[in-house]
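**Student:** One file is attached below, run.cif, containing mmCIF, N, CA and C atoms.
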```
data_final
loop_
_atom_site.group_PDB
_atom_site.id
_atom_site.type_symbol
_atom_site.label_atom_id
_atom_site.label_comp_id
_atom_site.auth_asym_id
_atom_site.auth_seq_id
_atom_site.Cartn_x
_atom_site.Cartn_y
_atom_site.Cartn_z
ATOM 1 N N MET A 1 47.948 -19.121 -52.455
ATOM 2 C CA MET A 1 46.566 -19.473 -52.244
ATOM 3 C C MET A 1 46.198 -20.603 -53.191
ATOM 4 N N PHE A 2 45.055 -21.199 -52.897
ATOM 5 C CA PHE A 2 44.636 -22.367 -53.651
ATOM 6 C C PHE A 2 43.128 -22.328 -53.892
ATOM 7 N N VAL A 3 42.745 -22.780 -55.066
ATOM 8 C CA VAL A 3 41.349 -23.047 -55.365
ATOM 9 C C VAL A 3 41.230 -24.568 -55.398
ATOM 10 N N ILE A 4 40.341 -25.093 -54.568
ATOM 11 C CA ILE A 4 40.102 -26.534 -54.523
ATOM 12 C C ILE A 4 38.743 -26.774 -55.171
ATOM 13 N N LEU A 5 38.749 -27.514 -56.261
ATOM 14 C CA LEU A 5 37.525 -27.822 -56.987
ATOM 15 C C LEU A 5 37.142 -29.265 -56.721
ATOM 16 N N LEU A 6 35.924 -29.477 -56.233
ATOM 17 C CA LEU A 6 35.421 -30.813 -55.975
ATOM 18 C C LEU A 6 34.379 -31.155 -57.030
ATOM 19 N N ASP A 7 34.467 -32.346 -57.568
ATOM 20 C CA ASP A 7 33.463 -32.877 -58.482
ATOM 21 C C ASP A 7 32.932 -34.163 -57.876
ATOM 22 N N TYR A 8 31.611 -34.213 -57.658
ATOM 23 C CA TYR A 8 31.017 -35.428 -57.110
ATOM 24 C C TYR A 8 31.118 -36.551 -58.131
ATOM 25 N N ILE A 9 31.509 -37.726 -57.655
ATOM 26 C CA ILE A 9 31.590 -38.901 -58.514
ATOM 27 C C ILE A 9 30.660 -40.004 -58.020
ATOM 28 N N LYS A 10 29.904 -39.694 -56.986
ATOM 29 C CA LYS A 10 28.883 -40.602 -56.450
ATOM 30 C C LYS A 10 27.545 -39.869 -56.479
ATOM 31 N N PRO A 11 26.447 -40.600 -56.366
ATOM 32 C CA PRO A 11 25.120 -39.975 -56.373
ATOM 33 C C PRO A 11 24.931 -39.002 -55.201
ATOM 34 N N LEU A 12 24.035 -38.037 -55.397
ATOM 35 C CA LEU A 12 23.779 -37.041 -54.359
ATOM 36 C C LEU A 12 23.300 -37.675 -53.057
ATOM 37 N N SER A 13 22.684 -38.826 -53.118
ATOM 38 C CA SER A 13 22.265 -39.501 -51.875
ATOM 39 C C SER A 13 23.479 -39.833 -51.011
ATOM 40 N N GLU A 14 24.599 -40.200 -51.628
ATOM 41 C CA GLU A 14 25.827 -40.472 -50.868
ATOM 42 C C GLU A 14 26.479 -39.179 -50.401
ATOM 43 N N VAL A 15 26.418 -38.133 -51.232
ATOM 44 C CA VAL A 15 26.913 -36.817 -50.819
ATOM 45 C C VAL A 15 26.167 -36.387 -49.566
ATOM 46 N N ASP A 16 24.843 -36.466 -49.607
ATOM 47 C CA ASP A 16 24.018 -36.039 -48.479
ATOM 48 C C ASP A 16 24.291 -36.860 -47.223
ATOM 49 N N ALA A 17 24.597 -38.134 -47.387
ATOM 50 C CA ALA A 17 24.862 -39.006 -46.241
ATOM 51 C C ALA A 17 26.106 -38.571 -45.464
ATOM 52 N N PHE A 18 27.050 -37.900 -46.133
ATOM 53 C CA PHE A 18 28.284 -37.472 -45.478
ATOM 54 C C PHE A 18 28.400 -35.956 -45.371
ATOM 55 N N ALA A 19 27.315 -35.235 -45.663
ATOM 56 C CA ALA A 19 27.353 -33.770 -45.656
ATOM 57 C C ALA A 19 27.680 -33.205 -44.271
ATOM 58 N N ALA A 20 27.119 -33.762 -43.215
ATOM 59 C CA ALA A 20 27.388 -33.242 -41.864
ATOM 60 C C ALA A 20 28.864 -33.410 -41.510
ATOM 61 N N GLU A 21 29.423 -34.573 -41.824
ATOM 62 C CA GLU A 21 30.849 -34.802 -41.542
ATOM 63 C C GLU A 21 31.725 -33.882 -42.394
ATOM 64 N N HIS A 22 31.314 -33.644 -43.634
ATOM 65 C CA HIS A 22 32.061 -32.737 -44.504
ATOM 66 C C HIS A 22 32.031 -31.314 -43.930
ATOM 67 N N ARG A 23 30.879 -30.874 -43.426
ATOM 68 C CA ARG A 23 30.799 -29.543 -42.808
ATOM 69 C C ARG A 23 31.704 -29.441 -41.585
ATOM 70 N N GLU A 24 31.777 -30.500 -40.793
ATOM 71 C CA GLU A 24 32.688 -30.502 -39.639
ATOM 72 C C GLU A 24 34.134 -30.362 -40.108
ATOM 73 N N PHE A 25 34.484 -31.058 -41.176
ATOM 74 C CA PHE A 25 35.817 -30.930 -41.772
ATOM 75 C C PHE A 25 36.071 -29.480 -42.174
ATOM 76 N N LEU A 26 35.112 -28.868 -42.880
ATOM 77 C CA LEU A 26 35.261 -27.472 -43.295
ATOM 78 C C LEU A 26 35.453 -26.562 -42.085
ATOM 79 N N GLU A 27 34.631 -26.732 -41.061
ATOM 80 C CA GLU A 27 34.719 -25.895 -39.863
ATOM 81 C C GLU A 27 36.090 -26.006 -39.206
ATOM 82 N N ARG A 28 36.639 -27.210 -39.157
ATOM 83 C CA ARG A 28 37.966 -27.423 -38.556
ATOM 84 C C ARG A 28 39.032 -26.602 -39.289
ATOM 85 N N TYR A 29 38.959 -26.568 -40.622
ATOM 86 C CA TYR A 29 39.985 -25.853 -41.375
ATOM 87 C C TYR A 29 39.681 -24.367 -41.550
ATOM 88 N N TYR A 30 38.441 -23.952 -41.341
ATOM 89 C CA TYR A 30 38.165 -22.515 -41.180
ATOM 90 C C TYR A 30 38.798 -22.047 -39.869
ATOM 91 N N ALA A 31 38.623 -22.818 -38.812
ATOM 92 C CA ALA A 31 39.169 -22.452 -37.501
ATOM 93 C C ALA A 31 40.692 -22.383 -37.529
ATOM 94 N N SER A 32 41.331 -23.232 -38.334
ATOM 95 C CA SER A 32 42.799 -23.222 -38.405
ATOM 96 C C SER A 32 43.319 -22.084 -39.279
ATOM 97 N N GLY A 33 42.420 -21.420 -40.025
ATOM 98 C CA GLY A 33 42.825 -20.331 -40.904
ATOM 99 C C GLY A 33 43.156 -20.765 -42.320
ATOM 100 N N HIS A 34 43.026 -22.048 -42.619
ATOM 101 C CA HIS A 34 43.348 -22.537 -43.965
ATOM 102 C C HIS A 34 42.264 -22.229 -44.989
ATOM 103 N N PHE A 35 40.995 -22.350 -44.584
ATOM 104 C CA PHE A 35 39.899 -22.136 -45.525
ATOM 105 C C PHE A 35 39.361 -20.723 -45.362
ATOM 106 N N LEU A 36 39.138 -20.056 -46.498
ATOM 107 C CA LEU A 36 38.687 -18.667 -46.502
ATOM 108 C C LEU A 36 37.241 -18.522 -46.946
ATOM 109 N N VAL A 37 36.835 -19.324 -47.913
ATOM 110 C CA VAL A 37 35.460 -19.293 -48.425
ATOM 111 C C VAL A 37 35.193 -20.633 -49.112
ATOM 112 N N SER A 38 33.943 -21.072 -49.050
ATOM 113 C CA SER A 38 33.591 -22.334 -49.696
ATOM 114 C C SER A 38 32.108 -22.328 -50.045
ATOM 115 N N GLY A 39 31.742 -23.235 -50.938
ATOM 116 C CA GLY A 39 30.338 -23.371 -51.297
ATOM 117 C C GLY A 39 30.166 -24.412 -52.372
ATOM 118 N N ARG A 40 28.912 -24.728 -52.643
ATOM 119 C CA ARG A 40 28.650 -25.745 -53.652
ATOM 120 C C ARG A 40 28.509 -25.117 -55.023
ATOM 121 N N LYS A 41 28.802 -25.916 -56.028
ATOM 122 C CA LYS A 41 28.631 -25.486 -57.409
ATOM 123 C C LYS A 41 27.139 -25.487 -57.743
ATOM 124 N N GLU A 42 26.771 -24.648 -58.696
ATOM 125 C CA GLU A 42 25.415 -24.655 -59.248
ATOM 126 C C GLU A 42 25.524 -24.893 -60.742
ATOM 127 N N PRO A 43 24.958 -25.940 -61.276
ATOM 128 C CA PRO A 43 24.155 -26.930 -60.587
ATOM 129 C C PRO A 43 25.004 -27.734 -59.597
ATOM 130 N N ARG A 44 24.348 -28.472 -58.749
ATOM 131 C CA ARG A 44 25.000 -29.169 -57.637
ATOM 132 C C ARG A 44 25.784 -30.387 -58.115
ATOM 133 N N THR A 45 26.963 -30.113 -58.629
ATOM 134 C CA THR A 45 27.838 -31.170 -59.140
ATOM 135 C C THR A 45 29.125 -31.288 -58.341
ATOM 136 N N GLY A 46 29.288 -30.454 -57.317
ATOM 137 C CA GLY A 46 30.509 -30.446 -56.518
ATOM 138 C C GLY A 46 30.593 -29.169 -55.718
ATOM 139 N N GLY A 47 31.814 -28.761 -55.406
ATOM 140 C CA GLY A 47 32.003 -27.569 -54.594
ATOM 141 C C GLY A 47 33.318 -26.883 -54.903
ATOM 142 N N VAL A 48 33.500 -25.729 -54.244
ATOM 143 C CA VAL A 48 34.704 -24.923 -54.409
ATOM 144 C C VAL A 48 35.145 -24.465 -53.026
ATOM 145 N N ILE A 49 36.443 -24.535 -52.769
ATOM 146 C CA ILE A 49 37.034 -24.032 -51.535
ATOM 147 C C ILE A 49 38.198 -23.123 -51.918
ATOM 148 N N ILE A 50 38.245 -21.929 -51.343
ATOM 149 C CA ILE A 50 39.414 -21.058 -51.476
ATOM 150 C C ILE A 50 40.211 -21.231 -50.184
ATOM 151 N N ALA A 51 41.479 -21.579 -50.340
ATOM 152 C CA ALA A 51 42.296 -21.932 -49.180
ATOM 153 C C ALA A 51 43.646 -21.227 -49.231
ATOM 154 N N THR A 52 44.274 -21.195 -48.088
ATOM 155 C CA THR A 52 45.625 -20.672 -47.988
ATOM 156 C C THR A 52 46.490 -21.714 -47.281
ATOM 157 N N GLY A 53 47.740 -21.779 -47.690
ATOM 158 C CA GLY A 53 48.671 -22.734 -47.096
ATOM 159 C C GLY A 53 50.070 -22.462 -47.605
ATOM 160 N N ARG A 54 51.031 -23.105 -46.989
ATOM 161 C CA ARG A 54 52.437 -22.888 -47.354
ATOM 162 C C ARG A 54 52.807 -23.564 -48.674
ATOM 163 N N ALA A 55 52.176 -24.712 -48.949
ATOM 164 C CA ALA A 55 52.539 -25.480 -50.146
ATOM 165 C C ALA A 55 51.371 -26.359 -50.558
ATOM 166 N N LYS A 56 51.373 -26.752 -51.808
ATOM 167 C CA LYS A 56 50.320 -27.625 -52.318
ATOM 168 C C LYS A 56 50.258 -28.929 -51.527
ATOM 169 N N ALA A 57 51.403 -29.430 -51.102
ATOM 170 C CA ALA A 57 51.438 -30.673 -50.327
ATOM 171 C C ALA A 57 50.653 -30.528 -49.020
ATOM 172 N N GLU A 58 50.684 -29.359 -48.434
ATOM 173 C CA GLU A 58 49.922 -29.116 -47.203
ATOM 174 C C GLU A 58 48.413 -29.208 -47.488
ATOM 175 N N ILE A 59 47.979 -28.630 -48.597
ATOM 176 C CA ILE A 59 46.565 -28.677 -48.968
ATOM 177 C C ILE A 59 46.165 -30.118 -49.313
ATOM 178 N N GLU A 60 47.027 -30.839 -49.990
ATOM 179 C CA GLU A 60 46.748 -32.245 -50.303
ATOM 180 C C GLU A 60 46.557 -33.054 -49.017
ATOM 181 N N GLU A 61 47.376 -32.788 -48.021
ATOM 182 C CA GLU A 61 47.250 -33.487 -46.736
ATOM 183 C C GLU A 61 45.934 -33.130 -46.052
ATOM 184 N N ILE A 62 45.544 -31.871 -46.106
ATOM 185 C CA ILE A 62 44.266 -31.454 -45.519
ATOM 186 C C ILE A 62 43.116 -32.192 -46.203
ATOM 187 N N ILE A 63 43.140 -32.262 -47.517
ATOM 188 C CA ILE A 63 42.063 -32.909 -48.277
ATOM 189 C C ILE A 63 41.921 -34.379 -47.887
ATOM 190 N N ARG A 64 43.002 -35.013 -47.515
ATOM 191 C CA ARG A 64 42.934 -36.422 -47.097
ATOM 192 C C ARG A 64 42.001 -36.615 -45.893
ATOM 193 N N HIS A 65 41.754 -35.551 -45.122
ATOM 194 C CA HIS A 65 40.882 -35.628 -43.948
ATOM 195 C C HIS A 65 39.413 -35.387 -44.276
ATOM 196 N N ASP A 66 39.114 -35.009 -45.501
ATOM 197 C CA ASP A 66 37.738 -34.740 -45.897
ATOM 198 C C ASP A 66 36.984 -36.063 -46.051
ATOM 199 N N PRO A 67 35.857 -36.221 -45.358
ATOM 200 C CA PRO A 67 35.077 -37.448 -45.526
ATOM 201 C C PRO A 67 34.676 -37.716 -46.982
ATOM 202 N N PHE A 68 34.468 -36.664 -47.771
ATOM 203 C CA PHE A 68 34.156 -36.875 -49.183
ATOM 204 C C PHE A 68 35.328 -37.545 -49.895
ATOM 205 N N HIS A 69 36.537 -37.235 -49.499
ATOM 206 C CA HIS A 69 37.723 -37.881 -50.076
ATOM 207 C C HIS A 69 37.834 -39.312 -49.549
ATOM 208 N N GLN A 70 37.708 -39.455 -48.249
ATOM 209 C CA GLN A 70 37.868 -40.769 -47.624
ATOM 210 C C GLN A 70 36.850 -41.783 -48.123
ATOM 211 N N GLU A 71 35.651 -41.328 -48.458
ATOM 212 C CA GLU A 71 34.583 -42.213 -48.917
ATOM 213 C C GLU A 71 34.504 -42.308 -50.440
ATOM 214 N N GLY A 72 35.431 -41.644 -51.148
ATOM 215 C CA GLY A 72 35.442 -41.694 -52.607
ATOM 216 C C GLY A 72 34.239 -41.010 -53.234
ATOM 217 N N ILE A 73 33.722 -39.986 -52.572
ATOM 218 C CA ILE A 73 32.529 -39.291 -53.044
ATOM 219 C C ILE A 73 32.872 -38.200 -54.050
ATOM 220 N N ALA A 74 34.058 -37.603 -53.915
ATOM 221 C CA ALA A 74 34.426 -36.487 -54.792
ATOM 222 C C ALA A 74 35.836 -36.666 -55.329
ATOM 223 N N ARG A 75 36.043 -36.074 -56.491
ATOM 224 C CA ARG A 75 37.375 -35.957 -57.100
ATOM 225 C C ARG A 75 37.807 -34.509 -56.862
ATOM 226 N N TYR A 76 39.088 -34.282 -56.638
ATOM 227 C CA TYR A 76 39.609 -32.962 -56.276
ATOM 228 C C TYR A 76 40.616 -32.467 -57.298
ATOM 229 N N GLU A 77 40.544 -31.192 -57.584
ATOM 230 C CA GLU A 77 41.578 -30.508 -58.353
ATOM 231 C C GLU A 77 42.042 -29.340 -57.500
ATOM 232 N N ILE A 78 43.341 -29.242 -57.284
ATOM 233 C CA ILE A 78 43.916 -28.157 -56.492
ATOM 234 C C ILE A 78 44.693 -27.258 -57.436
ATOM 235 N N VAL A 79 44.284 -25.992 -57.496
ATOM 236 C CA VAL A 79 44.924 -25.013 -58.371
ATOM 237 C C VAL A 79 45.616 -23.985 -57.481
ATOM 238 N N GLU A 80 46.928 -23.889 -57.600
ATOM 239 C CA GLU A 80 47.677 -22.883 -56.838
ATOM 240 C C GLU A 80 47.735 -21.595 -57.651
ATOM 241 N N PHE A 81 47.574 -20.462 -56.963
ATOM 242 C CA PHE A 81 47.733 -19.176 -57.639
ATOM 243 C C PHE A 81 48.292 -18.155 -56.665
ATOM 244 N N ARG A 82 48.890 -17.124 -57.226
ATOM 245 C CA ARG A 82 49.476 -16.036 -56.437
ATOM 246 C C ARG A 82 48.665 -14.774 -56.694
ATOM 247 N N PRO A 83 47.853 -14.359 -55.710
ATOM 248 C CA PRO A 83 47.029 -13.168 -55.905
ATOM 249 C C PRO A 83 47.900 -11.927 -56.106
ATOM 250 N N THR A 84 47.565 -11.147 -57.112
ATOM 251 C CA THR A 84 48.276 -9.891 -57.356
ATOM 252 C C THR A 84 47.350 -8.687 -57.280
ATOM 253 N N MET A 85 46.044 -8.934 -57.374
ATOM 254 C CA MET A 85 45.064 -7.861 -57.265
ATOM 255 C C MET A 85 43.867 -8.391 -56.492
ATOM 256 N N SER A 86 43.129 -7.455 -55.874
ATOM 257 C CA SER A 86 41.888 -7.842 -55.206
ATOM 258 C C SER A 86 40.946 -6.647 -55.173
ATOM 259 N N ALA A 87 39.689 -6.921 -54.903
ATOM 260 C CA ALA A 87 38.682 -5.879 -54.774
ATOM 261 C C ALA A 87 38.970 -5.039 -53.526
ATOM 262 N N PRO A 88 38.566 -3.781 -53.520
ATOM 263 C CA PRO A 88 38.777 -2.934 -52.337
ATOM 264 C C PRO A 88 38.223 -3.558 -51.057
ATOM 265 N N ALA A 89 37.149 -4.320 -51.156
ATOM 266 C CA ALA A 89 36.564 -4.937 -49.970
ATOM 267 C C ALA A 89 37.521 -5.924 -49.303
ATOM 268 N N LEU A 90 38.508 -6.395 -50.044
ATOM 269 C CA LEU A 90 39.488 -7.344 -49.513
ATOM 270 C C LEU A 90 40.817 -6.680 -49.149
ATOM 271 N N ALA A 91 40.855 -5.366 -49.138
ATOM 272 C CA ALA A 91 42.104 -4.648 -48.915
ATOM 273 C C ALA A 91 42.789 -5.011 -47.598
ATOM 274 N N ASP A 92 42.016 -5.305 -46.572
ATOM 275 C CA ASP A 92 42.599 -5.629 -45.271
ATOM 276 C C ASP A 92 42.964 -7.102 -45.122
ATOM 277 N N PHE A 93 42.633 -7.902 -46.128
ATOM 278 C CA PHE A 93 42.930 -9.315 -46.079
ATOM 279 C C PHE A 93 44.423 -9.541 -46.191
ATOM 280 N N LYS A 94 44.973 -10.314 -45.296
ATOM 281 C CA LYS A 94 46.413 -10.611 -45.299
ATOM 282 C C LYS A 94 46.639 -12.021 -45.815
ATOM 283 N N ILE A 95 47.476 -12.144 -46.813
ATOM 284 C CA ILE A 95 47.796 -13.442 -47.402
ATOM 285 C C ILE A 95 49.005 -14.026 -46.699
#
```
Is it possible to express this structure as structure tokens?

**Tutor:**
Amino acid sequence: MFVILLDYIKPLSEVDAFAAEHREFLERYYASGHFLVSGRKEPRTGGVIIATGRAKAEIEEIIRHDPFHQEGIARYEIVEFRPTMSAPALADFKI
């Protein structure tokens, strides 16, 4: 699994200008099963995506399709981790 951390490097006016396209990007990868949960940071300085994939290179390729990446709006950090425990509410979740 992966935690994708986005940090905005452009003003919020530019973030807002591409927000609809970014949501379409998110929806596409939710539909493919890659994205599990996402949301913006508070304060609004970026966002977080929890994702699943075979390799970090696969996640890097997915990020290349994000309009925030294509327009230079956000910087990305991809953290790979191997879940070993989870809350009971996630017991049926298959990794």

**Student:** Counting all atoms listed in the file, which residues sit no farther than 6 Å from the position (47.9, -24.2, -55.5) in the file's frame? I'd like them as a PyMOL selection string.

**Tutor:** chain A and resi 1-3+56+78-81

**Student:** What separation in Å, quoted to one decimal, exists between atom N of A:Arg75 and atom C of A:Leu5?

**Tutor:**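 Computed distance, atom N of A:Arg75 to atom C of A:Leu5, equals 6.9 Å.
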
**Student:** Write out as a list in words each polymer residue whose atoms come within 5 Å of A:Tyr8, counting all atoms listed in the file; drop sequence neighbours fewer than 2 positions from it.

**Tutor:**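 After dropping sequence-adjacent residues, the list is Leu6, Lys10, Thr45, Gly46, Ile73, Ala74 and Arg75 of chain A.
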
**Student:** What does the structure give for the distance between atom C of A:Phe25 and atom N of A:Arg54, in Å to one decimal?

**Tutor:**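 Rounded to one decimal, the two atoms are 17.0 Å apart.
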
**Student:** Counting only N, CA and C atoms, which residue out of A:Asp66, A:Arg82, A:Ala87, A:Thr52 sits closest to A:Glu21?

**Tutor:**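 So, comparing all the options, the nearest one is A:Asp66.
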
**Student:** What residues have an atom no more than 12 Å from (47.2, -26.2, -47.7) in the file's own frame, counting only C-alpha atoms, and can you write them as an MDAnalysis selection string?

**Tutor:** chainID A and resid 1:4 29:30 32:36 49:65 78:80

**Student:** Once 3 Å is added on each side, what centre and edge lengths in Å to one decimal does the axis-aligned box around all listed atoms of stretch 3-7 of chain A have, as lines of an AutoDock Vina configuration file?

**Tutor:**
```
center_x = 37.8
center_y = -28.5
center_z = -56.5
size_x = 15.8
size_y = 17.4
size_z = 10.0
```

**Student:** Using only C-alpha atoms, which of A:Leu90, A:Leu12, A:Ala31, A:Leu26 sits nearest A:Val48?

**Tutor:**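 Among the listed residues, the smallest separation from A:Val48 belongs to A:Leu26.
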
**Student:** To one decimal place in Å, what is the distance between atom CA of A:Ser86 and atom CA of A:Arg28?

**Tutor:** 26.0 Å

**Student:** Taking the block above, write stretch 3-78 of chain A with C-alpha atoms as a PDB file, in the first residue's frame.

**Tutor:**
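Printed below is result12.pdb as written:
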```pdb
ATOM      1  CA  VAL A   3       0.387   6.938   1.205  1.00  0.00           C
ATOM      2  CA  ILE A   4       0.560   9.730  -1.365  1.00  0.00           C
ATOM      3  CA  LEU A   5       1.155  13.137   0.186  1.00  0.00           C
ATOM      4  CA  LEU A   6       0.475  16.211  -1.933  1.00  0.00           C
ATOM      5  CA  ASP A   7       1.813  19.644  -1.041  1.00  0.00           C
ATOM      6  CA  TYR A   8       0.496  22.598  -3.020  1.00  0.00           C
ATOM      7  CA  ILE A   9       3.267  24.695  -4.531  1.00  0.00           C
ATOM      8  CA  LYS A  10       0.966  27.122  -6.347  1.00  0.00           C
ATOM      9  CA  PRO A  11      -1.670  29.498  -4.943  1.00  0.00           C
ATOM     10  CA  LEU A  12      -5.085  28.117  -4.001  1.00  0.00           C
ATOM     11  CA  SER A  13      -6.603  30.000  -6.944  1.00  0.00           C
ATOM     12  CA  GLU A  14      -4.662  27.664  -9.271  1.00  0.00           C
ATOM     13  CA  VAL A  15      -5.593  24.629  -7.160  1.00  0.00           C
ATOM     14  CA  ASP A  16      -9.257  25.608  -7.457  1.00  0.00           C
ATOM     15  CA  ALA A  17      -8.944  26.130 -11.220  1.00  0.00           C
ATOM     16  CA  PHE A  18      -8.001  22.448 -11.665  1.00  0.00           C
ATOM     17  CA  ALA A  19     -10.045  20.939  -8.809  1.00  0.00           C
ATOM     18  CA  ALA A  20     -12.757  19.481 -11.084  1.00  0.00           C
ATOM     19  CA  GLU A  21     -10.172  17.779 -13.304  1.00  0.00           C
ATOM     20  CA  HIS A  22      -8.353  16.498 -10.213  1.00  0.00           C
ATOM     21  CA  ARG A  23     -11.621  14.994  -8.900  1.00  0.00           C
ATOM     22  CA  GLU A  24     -12.143  13.252 -12.250  1.00  0.00           C
ATOM     23  CA  PHE A  25      -8.624  11.826 -11.926  1.00  0.00           C
ATOM     24  CA  LEU A  26      -9.443  10.583  -8.410  1.00  0.00           C
ATOM     25  CA  GLU A  27     -12.723   9.020  -9.575  1.00  0.00           C
ATOM     26  CA  ARG A  28     -10.933   7.167 -12.395  1.00  0.00           C
ATOM     27  CA  TYR A  29      -8.500   5.549  -9.956  1.00  0.00           C
ATOM     28  CA  TYR A  30     -11.181   4.809  -7.356  1.00  0.00           C
ATOM     29  CA  ALA A  31     -13.023   2.951 -10.131  1.00  0.00           C
ATOM     30  CA  SER A  32      -9.862   1.003 -11.023  1.00  0.00           C
ATOM     31  CA  GLY A  33      -9.434  -0.040  -7.371  1.00  0.00           C
ATOM     32  CA  HIS A  34      -6.141   1.811  -6.878  1.00  0.00           C
ATOM     33  CA  PHE A  35      -7.403   4.572  -4.581  1.00  0.00           C
ATOM     34  CA  LEU A  36      -8.991   3.646  -1.252  1.00  0.00           C
ATOM     35  CA  VAL A  37      -9.437   6.973   0.547  1.00  0.00           C
ATOM     36  CA  SER A  38      -8.441  10.573  -0.093  1.00  0.00           C
ATOM     37  CA  GLY A  39      -8.939  14.073   1.216  1.00  0.00           C
ATOM     38  CA  ARG A  40      -7.402  17.452   1.720  1.00  0.00           C
ATOM     39  CA  LYS A  41      -5.040  18.410   4.492  1.00  0.00           C
ATOM     40  CA  GLU A  42      -6.159  20.819   7.205  1.00  0.00           C
ATOM     41  CA  PRO A  43      -5.074  23.524   6.956  1.00  0.00           C
ATOM     42  CA  ARG A  44      -5.543  23.395   3.189  1.00  0.00           C
ATOM     43  CA  THR A  45      -1.945  22.954   2.106  1.00  0.00           C
ATOM     44  CA  GLY A  46      -2.346  19.774   0.043  1.00  0.00           C
ATOM     45  CA  GLY A  47      -3.933  16.360   0.226  1.00  0.00           C
ATOM     46  CA  VAL A  48      -3.529  12.705   1.123  1.00  0.00           C
ATOM     47  CA  ILE A  49      -4.378   9.600  -0.908  1.00  0.00           C
ATOM     48  CA  ILE A  50      -4.229   6.019   0.383  1.00  0.00           C
ATOM     49  CA  ALA A  51      -3.599   3.749  -2.582  1.00  0.00           C
ATOM     50  CA  THR A  52      -2.880   0.176  -3.480  1.00  0.00           C
ATOM     51  CA  GLY A  53      -0.710  -1.083  -6.316  1.00  0.00           C
ATOM     52  CA  ARG A  54       1.844  -3.695  -7.279  1.00  0.00           C
ATOM     53  CA  ALA A  55       4.865  -1.378  -7.113  1.00  0.00           C
ATOM     54  CA  LYS A  56       5.856   2.201  -6.435  1.00  0.00           C
ATOM     55  CA  ALA A  57       6.535   2.642 -10.157  1.00  0.00           C
ATOM     56  CA  GLU A  58       2.868   1.900 -10.855  1.00  0.00           C
ATOM     57  CA  ILE A  59       1.782   4.630  -8.416  1.00  0.00           C
ATOM     58  CA  GLU A  60       4.308   7.053  -9.931  1.00  0.00           C
ATOM     59  CA  GLU A  61       2.791   6.391 -13.363  1.00  0.00           C
ATOM     60  CA  ILE A  62      -0.723   7.004 -12.021  1.00  0.00           C
ATOM     61  CA  ILE A  63       0.371  10.322 -10.482  1.00  0.00           C
ATOM     62  CA  ARG A  64       1.633  11.466 -13.886  1.00  0.00           C
ATOM     63  CA  HIS A  65      -2.053  11.576 -14.963  1.00  0.00           C
ATOM     64  CA  ASP A  66      -3.079  13.931 -12.156  1.00  0.00           C
ATOM     65  CA  PRO A  67      -3.800  17.431 -13.489  1.00  0.00           C
ATOM     66  CA  PHE A  68      -2.194  18.835 -10.327  1.00  0.00           C
ATOM     67  CA  HIS A  69       1.022  17.074 -11.367  1.00  0.00           C
ATOM     68  CA  GLN A  70       0.729  18.002 -15.032  1.00  0.00           C
ATOM     69  CA  GLU A  71       0.183  21.684 -14.198  1.00  0.00           C
ATOM     70  CA  GLY A  72       2.929  21.816 -11.540  1.00  0.00           C
ATOM     71  CA  ILE A  73       0.395  22.636  -8.827  1.00  0.00           C
ATOM     72  CA  ALA A  74       1.515  20.044  -6.269  1.00  0.00           C
ATOM     73  CA  ARG A  75       4.628  18.221  -5.134  1.00  0.00           C
ATOM     74  CA  TYR A  76       4.173  14.511  -4.316  1.00  0.00           C
ATOM     75  CA  GLU A  77       5.705  12.175  -1.785  1.00  0.00           C
ATOM     76  CA  ILE A  78       4.905   8.476  -2.143  1.00  0.00           C
TER      77      ILE A  78
END
```
